[in-house]
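Here the structure is laid out as structure tokens; the discussion comes afterwards.
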Amino acid sequence: MNWITNYVRPKINSLFSRREVPENLWTKCPECGTMLFHRELSGNLKVCSNCDHHMAISPRERFEALFDGGVFTEVKVPEPVADPLHFRDQKKYPDRVKAAQKASGERDAMLVAEGEISRTPVVVAGQDFAFMAGSMGMYVGNAIIAAAERAVKLKRPLVLFSASGGARMQEGMLSLMQMPRTTVAVQMLKEAGLPYIVVLTHPTTGGVTASYAMLGDVQIAEPNAQIGFAGARVIEQTIREKLPEGFQRAEYLLDHGMLDRVVHRKAMKDELVTLIRLLMGLPPAIKGELPAPVEPMAAEPADAKA
């Protein structure tokens with residue numbers, strides 16, 4: 001046995017060999033190409049520190065940054081029929097849903113929660129584009145109705161973050177029926193005199209734009225978010241004209257009166273609190289990061305005071 005070949009050389013190679021780096025430590029910005037360290041990116045709310053590009057963020061991550069102390073309570077959403085049309089393309093519809101659930105860790109494309117933002121009680125709904133392109137199916141319709149009913153019951157405003165490619169094709173007409181259902185849910189809030197604020201994130205298109213995403217009392221968007229009904233290429237082919245630069249982007253829509261605000265993600269919390277308290281007739285909120293709300297102490301019994 002040659003001890004130099006069998007022992008010394010492998011030992012030297014192991015000392016100078018390249019260590020493997022986990023793939024999820026760095027993220028490449030799709031806009032400017034900068035490599036961003038994952039902790040820095042998460043701490044910056046998934047916004048590129050070089051070019052300010054707003055990357056996709058899950059509703060759960062958004063809520064943790066939005067609510068005081070990152071604490072919130074999920075609102076239960078009624079479960080719809082799993083596969084009403086028995087739809088199948090390359091995969092069965094239930095298989096696609098299970099794969100999306102496994103990848104995202106969420107039940108469906110909408111998360112509803114309640115809690116406090118700068119000590120302001122709110123109900124918030126967030127759409128997840130990573131879950132089947134945030135498509136609007138019966139679950140999403142049920143989620144918005146559940147959010148509106150909870151807001152009315154607690155007399156709280158509703159804030160909705162939209163991100164969707166449109167209706168869910170696997171549910172056909174049942175998916176399109178969520179447009180009038182969610183419109184009725186928004187009307188419930190208006191009749192109760194409660195604010196409904198929509199934050200449109202990239203992208204918000206199709207039937208979602210044609211229903212609950214454009215019915216807010218205040219319409220806010222994140223910078224450079226794509227917002228529209230039909231795709232730009234389809235519109236160009238239909239009208240046979242070249243569309244203007246930045247068409248269907250948040251800044252273009254703001255200039256043409258379709259939006260009230262374009263707000264940076266890091267400033268969104270303060271903006272929402274200011275608007276909510278103004279619309280609810282409340283005094284200005286306390287600025288700065290606040291800890292999670294503490295449950296109020298029970299009142300002392302009358303005989304104990306005696």
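Quick note on naming: the chains in the structure tokens go A, B, ... in the order shown, residues restart at 1 in each chain, and ligands are numbered from 1 in order of appearance.
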
Item to check | Non-local contacts of region 250-267 of chain A (12 Å; only C-alpha atoms; under 4 positions in same chain excluded) as a ChimeraX atom specification | outcome: /A:42-49,52-57,62,65-66,161,197-204,209,213-228,243-246,271-275,287-288

For the residues selected in the previous step, produce a file with N, CA and C atoms as a compact mmCIF listing (two decimals), in the first residue's frame.
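New file result12.txt:
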# COMPACT_ATOMS: atom_id res chain seq x y z
N SER A 42 -33.92 39.63 2.93
CA SER A 42 -35.09 39.46 3.80
C SER A 42 -35.26 40.66 4.73
N GLY A 43 -34.14 41.16 5.26
CA GLY A 43 -34.22 42.32 6.13
C GLY A 43 -34.66 43.58 5.42
N ASN A 44 -34.48 43.60 4.10
CA ASN A 44 -34.89 44.74 3.28
C ASN A 44 -36.25 44.51 2.63
N LEU A 45 -37.02 43.55 3.16
CA LEU A 45 -38.37 43.23 2.67
C LEU A 45 -38.39 42.84 1.19
N LYS A 46 -37.38 42.09 0.77
CA LYS A 46 -37.26 41.59 -0.60
C LYS A 46 -37.19 42.73 -1.62
N VAL A 47 -36.55 43.82 -1.24
CA VAL A 47 -36.32 44.95 -2.15
C VAL A 47 -34.83 45.02 -2.43
N CYS A 48 -34.44 45.09 -3.70
CA CYS A 48 -33.02 45.14 -4.08
C CYS A 48 -32.38 46.40 -3.51
N SER A 49 -31.27 46.25 -2.81
CA SER A 49 -30.58 47.38 -2.20
C SER A 49 -29.81 48.19 -3.23
N ASP A 52 -33.46 49.09 -6.11
CA ASP A 52 -34.78 49.31 -5.49
C ASP A 52 -35.88 48.49 -6.16
N HIS A 53 -35.53 47.45 -6.87
CA HIS A 53 -36.54 46.59 -7.50
C HIS A 53 -37.29 45.80 -6.43
N HIS A 54 -38.62 45.80 -6.49
CA HIS A 54 -39.46 45.08 -5.54
C HIS A 54 -39.69 43.65 -6.03
N MET A 55 -39.08 42.69 -5.34
CA MET A 55 -39.27 41.28 -5.69
C MET A 55 -40.51 40.73 -5.01
N ALA A 56 -40.91 39.55 -5.43
CA ALA A 56 -42.10 38.92 -4.85
C ALA A 56 -41.85 38.59 -3.39
N ILE A 57 -42.88 38.80 -2.58
CA ILE A 57 -42.82 38.48 -1.16
C ILE A 57 -44.10 37.75 -0.78
N ARG A 62 -44.88 39.21 4.50
CA ARG A 62 -45.38 40.59 4.51
C ARG A 62 -46.09 40.90 5.82
N ALA A 65 -43.84 41.52 8.83
CA ALA A 65 -43.24 42.85 8.85
C ALA A 65 -44.28 43.93 9.12
N LEU A 66 -45.54 43.64 8.80
CA LEU A 66 -46.60 44.65 8.88
C LEU A 66 -47.20 44.76 10.28
N PHE A 161 -53.87 42.98 -0.19
CA PHE A 161 -52.72 43.00 -1.08
C PHE A 161 -52.99 42.03 -2.23
N ILE A 197 -59.01 49.29 1.71
CA ILE A 197 -57.80 49.78 1.04
C ILE A 197 -57.15 48.64 0.28
N VAL A 198 -56.84 48.87 -1.00
CA VAL A 198 -56.21 47.86 -1.84
C VAL A 198 -54.78 48.28 -2.16
N VAL A 199 -53.86 47.34 -1.98
CA VAL A 199 -52.46 47.55 -2.38
C VAL A 199 -52.18 46.59 -3.52
N LEU A 200 -52.00 47.14 -4.71
CA LEU A 200 -51.76 46.32 -5.90
C LEU A 200 -50.27 46.07 -6.05
N THR A 201 -49.89 44.80 -6.07
CA THR A 201 -48.48 44.44 -6.20
C THR A 201 -48.27 43.74 -7.54
N HIS A 202 -47.02 43.51 -7.87
CA HIS A 202 -46.68 42.95 -9.19
C HIS A 202 -46.84 41.44 -9.22
N PRO A 203 -47.57 40.89 -10.22
CA PRO A 203 -48.49 41.58 -11.11
C PRO A 203 -49.93 41.41 -10.63
N THR A 204 -50.82 42.32 -11.02
CA THR A 204 -52.25 42.18 -10.75
C THR A 204 -52.98 42.35 -12.07
N THR A 209 -58.24 42.21 -11.40
CA THR A 209 -58.27 43.65 -11.66
C THR A 209 -59.69 44.10 -11.99
N ALA A 213 -59.89 44.08 -6.85
CA ALA A 213 -58.62 44.80 -6.79
C ALA A 213 -58.75 46.28 -7.16
N MET A 214 -59.82 46.66 -7.84
CA MET A 214 -59.98 48.06 -8.24
C MET A 214 -61.19 48.71 -7.59
N LEU A 215 -61.65 48.16 -6.47
CA LEU A 215 -62.84 48.69 -5.80
C LEU A 215 -62.52 49.36 -4.46
N GLY A 216 -61.25 49.61 -4.20
CA GLY A 216 -60.86 50.17 -2.91
C GLY A 216 -61.27 51.62 -2.75
N ASP A 217 -61.45 52.03 -1.51
CA ASP A 217 -61.65 53.45 -1.22
C ASP A 217 -60.37 54.21 -1.53
N VAL A 218 -59.24 53.56 -1.31
CA VAL A 218 -57.94 54.11 -1.67
C VAL A 218 -57.17 53.03 -2.42
N GLN A 219 -56.62 53.39 -3.57
CA GLN A 219 -55.86 52.44 -4.41
C GLN A 219 -54.38 52.79 -4.32
N ILE A 220 -53.59 51.86 -3.78
CA ILE A 220 -52.15 52.04 -3.65
C ILE A 220 -51.46 50.96 -4.49
N ALA A 221 -50.28 51.24 -4.97
CA ALA A 221 -49.50 50.24 -5.70
C ALA A 221 -48.04 50.32 -5.28
N GLU A 222 -47.35 49.20 -5.40
CA GLU A 222 -45.91 49.19 -5.20
C GLU A 222 -45.22 49.68 -6.47
N PRO A 223 -44.02 50.24 -6.36
CA PRO A 223 -43.33 50.78 -7.53
C PRO A 223 -43.14 49.76 -8.64
N ASN A 224 -43.43 50.21 -9.87
CA ASN A 224 -43.22 49.43 -11.10
C ASN A 224 -44.07 48.17 -11.17
N ALA A 225 -45.13 48.08 -10.37
CA ALA A 225 -46.01 46.91 -10.43
C ALA A 225 -46.80 46.92 -11.73
N GLN A 226 -46.94 45.76 -12.35
CA GLN A 226 -47.75 45.65 -13.56
C GLN A 226 -49.21 45.45 -13.16
N ILE A 227 -50.07 46.33 -13.67
CA ILE A 227 -51.49 46.31 -13.32
C ILE A 227 -52.30 46.47 -14.60
N GLY A 228 -53.21 45.55 -14.84
CA GLY A 228 -54.03 45.66 -16.05
C GLY A 228 -55.01 44.51 -16.16
N LEU A 243 -48.03 50.68 -27.90
CA LEU A 243 -48.42 51.23 -26.60
C LEU A 243 -47.32 52.14 -26.05
N PRO A 244 -47.70 53.13 -25.23
CA PRO A 244 -46.69 54.04 -24.67
C PRO A 244 -45.72 53.33 -23.74
N GLU A 245 -44.58 53.95 -23.50
CA GLU A 245 -43.56 53.41 -22.60
C GLU A 245 -44.12 53.33 -21.18
N GLY A 246 -43.91 52.17 -20.53
CA GLY A 246 -44.37 52.01 -19.16
C GLY A 246 -45.85 51.75 -19.03
N GLU A 271 -47.76 54.39 5.74
CA GLU A 271 -48.78 54.94 4.84
C GLU A 271 -50.16 54.35 5.14
N LEU A 272 -50.22 53.05 5.36
CA LEU A 272 -51.49 52.39 5.64
C LEU A 272 -52.08 52.87 6.97
N VAL A 273 -51.23 52.96 7.98
CA VAL A 273 -51.71 53.39 9.30
C VAL A 273 -52.25 54.82 9.22
N THR A 274 -51.54 55.70 8.52
CA THR A 274 -51.98 57.09 8.39
C THR A 274 -53.34 57.16 7.71
N LEU A 275 -53.51 56.42 6.62
CA LEU A 275 -54.77 56.42 5.87
C LEU A 275 -55.92 55.83 6.70
N LYS A 287 -45.43 56.54 16.13
CA LYS A 287 -44.44 56.15 15.14
C LYS A 287 -43.41 55.18 15.72
N GLY A 288 -42.78 54.41 14.83
CA GLY A 288 -41.73 53.51 15.25
C GLY A 288 -42.21 52.08 15.39

Checklist entry - Arg233 (chain A): which residues within 12 Å, counting only C-alpha atoms, same-chain residues fewer than 6 positions away excluded, as a list in words? => result Ile239, Arg240, Glu241, Lys242, Leu243, Phe247 and Gln248 of chain A

Checklist entry - Out of region 101-288 of chain A, which residues get strand (DSSP E or B) from DSSP, as JSON, numbers by chain? => result {"A": [110, 111, 112, 113, 114, 115, 116, 117, 120, 121, 122, 123, 124, 125, 126, 127, 136, 158, 159, 160, 161, 162, 163, 164, 167, 196, 197, 198, 199, 200, 201, 202, 203, 204, 218, 219, 220, 221, 226, 227, 249, 261, 262]}

Output file for the residues above (C-alpha atoms, as a compact mmCIF listing (two decimals), in the first residue's frame):
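That gives us selection-v2.txt:
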# COMPACT_ATOMS: atom_id res chain seq x y z
CA MET A 110 -54.99 33.92 -0.20
CA LEU A 111 -54.05 34.37 3.46
CA VAL A 112 -56.36 36.32 5.80
CA ALA A 113 -55.24 37.61 9.19
CA GLU A 114 -56.25 40.04 11.92
CA GLY A 115 -54.08 42.00 14.33
CA GLU A 116 -52.73 45.46 15.06
CA ILE A 117 -50.57 47.77 12.97
CA THR A 120 -54.50 50.09 14.95
CA PRO A 121 -56.78 47.01 14.72
CA VAL A 122 -57.15 45.77 11.14
CA VAL A 123 -58.06 42.77 9.02
CA VAL A 124 -55.60 42.06 6.20
CA ALA A 125 -55.81 39.71 3.20
CA GLY A 126 -52.77 38.88 1.09
CA GLN A 127 -52.60 37.09 -2.26
CA MET A 136 -58.62 33.44 -8.27
CA LEU A 158 -59.88 45.75 5.53
CA VAL A 159 -56.55 45.99 3.71
CA LEU A 160 -56.01 43.70 0.72
CA PHE A 161 -52.72 43.00 -1.08
CA SER A 162 -53.43 41.72 -4.59
CA ALA A 163 -51.09 39.67 -6.80
CA SER A 164 -52.65 37.49 -9.46
CA ALA A 167 -59.10 33.60 -12.79
CA TYR A 196 -61.37 49.14 2.19
CA ILE A 197 -57.80 49.78 1.04
CA VAL A 198 -56.21 47.86 -1.84
CA VAL A 199 -52.46 47.55 -2.38
CA LEU A 200 -51.76 46.32 -5.90
CA THR A 201 -48.48 44.44 -6.20
CA HIS A 202 -46.68 42.95 -9.19
CA PRO A 203 -48.49 41.58 -11.11
CA THR A 204 -52.25 42.18 -10.75
CA VAL A 218 -57.94 54.11 -1.67
CA GLN A 219 -55.86 52.44 -4.41
CA ILE A 220 -52.15 52.04 -3.65
CA ALA A 221 -49.50 50.24 -5.70
CA GLN A 226 -47.75 45.65 -13.56
CA ILE A 227 -51.49 46.31 -13.32
CA ARG A 249 -47.03 50.07 -14.81
CA ARG A 261 -50.54 56.41 -4.42
CA VAL A 262 -47.37 54.58 -5.42

Checklist entry - Where does DSSP see alpha helix (DSSP H) in region 176-267 of chain A, if you list the residues as a ChimeraX atom specification? => result /A:176,178-191,206-209,232-239,250-255

Next on the checklist: Restricting the calculation to only C-alpha atoms: of A:Ala151, A:Ile235, A:Val208, A:Leu25, which residue gets closest to Leu176 (chain A)?
Outcome noted: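 The closest residue to Leu176 (chain A) is A:Val208.
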
Go through region 74-106 of chain A residue by residue and, counting only C-alpha atoms, keep those with an atom at most 10 Å from region 129-135 of chain A; for each kept residue give the shortest atom pair and its distance in Å to one decimal, ordered by chain and increasing number, as CSV.
residue,atom,partner,partner_atom,distance
A:Arg96,CA,A:Met132,CA,8.2
A:Val97,CA,A:Met132,CA,7.9
A:Ala99,CA,A:Phe131,CA,9.3
A:Ala100,CA,A:Phe131,CA,5.6
A:Gln101,CA,A:Phe131,CA,7.4
A:Lys102,CA,A:Phe131,CA,9.9
A:Ala103,CA,A:Phe131,CA,8.2
A:Ser104,CA,A:Phe131,CA,6.6
A:Gly105,CA,A:Phe131,CA,9.5
A:Glu106,CA,A:Phe131,CA,8.2

Serialized selection, N, CA, C and O atoms, as a compact mmCIF listing (two decimals), in the first residue's frame:
# COMPACT_ATOMS: atom_id res chain seq x y z
N ARG A 96 -52.08 19.38 -8.83
CA ARG A 96 -51.46 20.70 -8.97
C ARG A 96 -51.60 21.50 -7.67
O ARG A 96 -50.67 22.18 -7.23
N VAL A 97 -52.78 21.39 -7.05
CA VAL A 97 -53.01 22.11 -5.80
C VAL A 97 -52.09 21.57 -4.70
O VAL A 97 -51.49 22.34 -3.94
N ALA A 99 -49.22 20.11 -5.05
CA ALA A 99 -47.83 20.52 -5.33
C ALA A 99 -47.61 21.97 -4.92
O ALA A 99 -46.57 22.32 -4.35
N ALA A 100 -48.60 22.83 -5.19
CA ALA A 100 -48.49 24.24 -4.81
C ALA A 100 -48.51 24.39 -3.29
O ALA A 100 -47.79 25.22 -2.72
N GLN A 101 -49.32 23.59 -2.61
CA GLN A 101 -49.38 23.63 -1.15
C GLN A 101 -48.05 23.21 -0.54
O GLN A 101 -47.58 23.81 0.43
N LYS A 102 -47.44 22.19 -1.11
CA LYS A 102 -46.16 21.70 -0.61
C LYS A 102 -45.05 22.74 -0.82
O LYS A 102 -44.21 22.95 0.05
N ALA A 103 -45.08 23.39 -1.98
CA ALA A 103 -44.03 24.37 -2.30
C ALA A 103 -44.16 25.64 -1.49
O ALA A 103 -43.15 26.23 -1.07
N SER A 104 -45.39 26.09 -1.25
CA SER A 104 -45.62 27.37 -0.57
C SER A 104 -45.85 27.23 0.93
O SER A 104 -45.65 28.18 1.69
N GLY A 105 -46.33 26.05 1.36
CA GLY A 105 -46.67 25.86 2.76
C GLY A 105 -47.99 26.49 3.14
O GLY A 105 -48.34 26.56 4.32
N GLU A 106 -48.76 26.98 2.15
CA GLU A 106 -50.05 27.62 2.40
C GLU A 106 -51.19 26.77 1.85
O GLU A 106 -50.97 25.93 0.98

Checklist entry - Looking at A:Pro195, A:Ile144, A:Met35, A:Arg150, which one is nearest to Gln178 (chain A), with distances taken over only C-alpha atoms? => result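 Going through A:Pro195, A:Ile144, A:Met35, A:Arg150 one by one, the smallest distance to Gln178 (chain A) is for A:Ile144.
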
Next on the checklist: Need the shell around Val77 (chain A): protein/DNA/RNA residues with any atom at most 9 Å away, counting only C-alpha atoms. Skip same-chain ones fewer than 2 positions apart. Format as a PyMOL selection string?
Outcome noted: chain A and resi 75+79+111-112+139-140+142-147

Checklist entry - Could you state the separation of CA of Glu61 (chain A) and CA of Arg39 (chain A) in Å, given to one decimal place? => result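 So the answer is 13.1 Å.
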
Checklist entry - CA of Cys29 (chain A) and CA of Gly165 (chain A) are how many Å apart? => result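 Value for the CA of Cys29 (chain A)-CA of Gly165 (chain A) distance: 21.6 Å.
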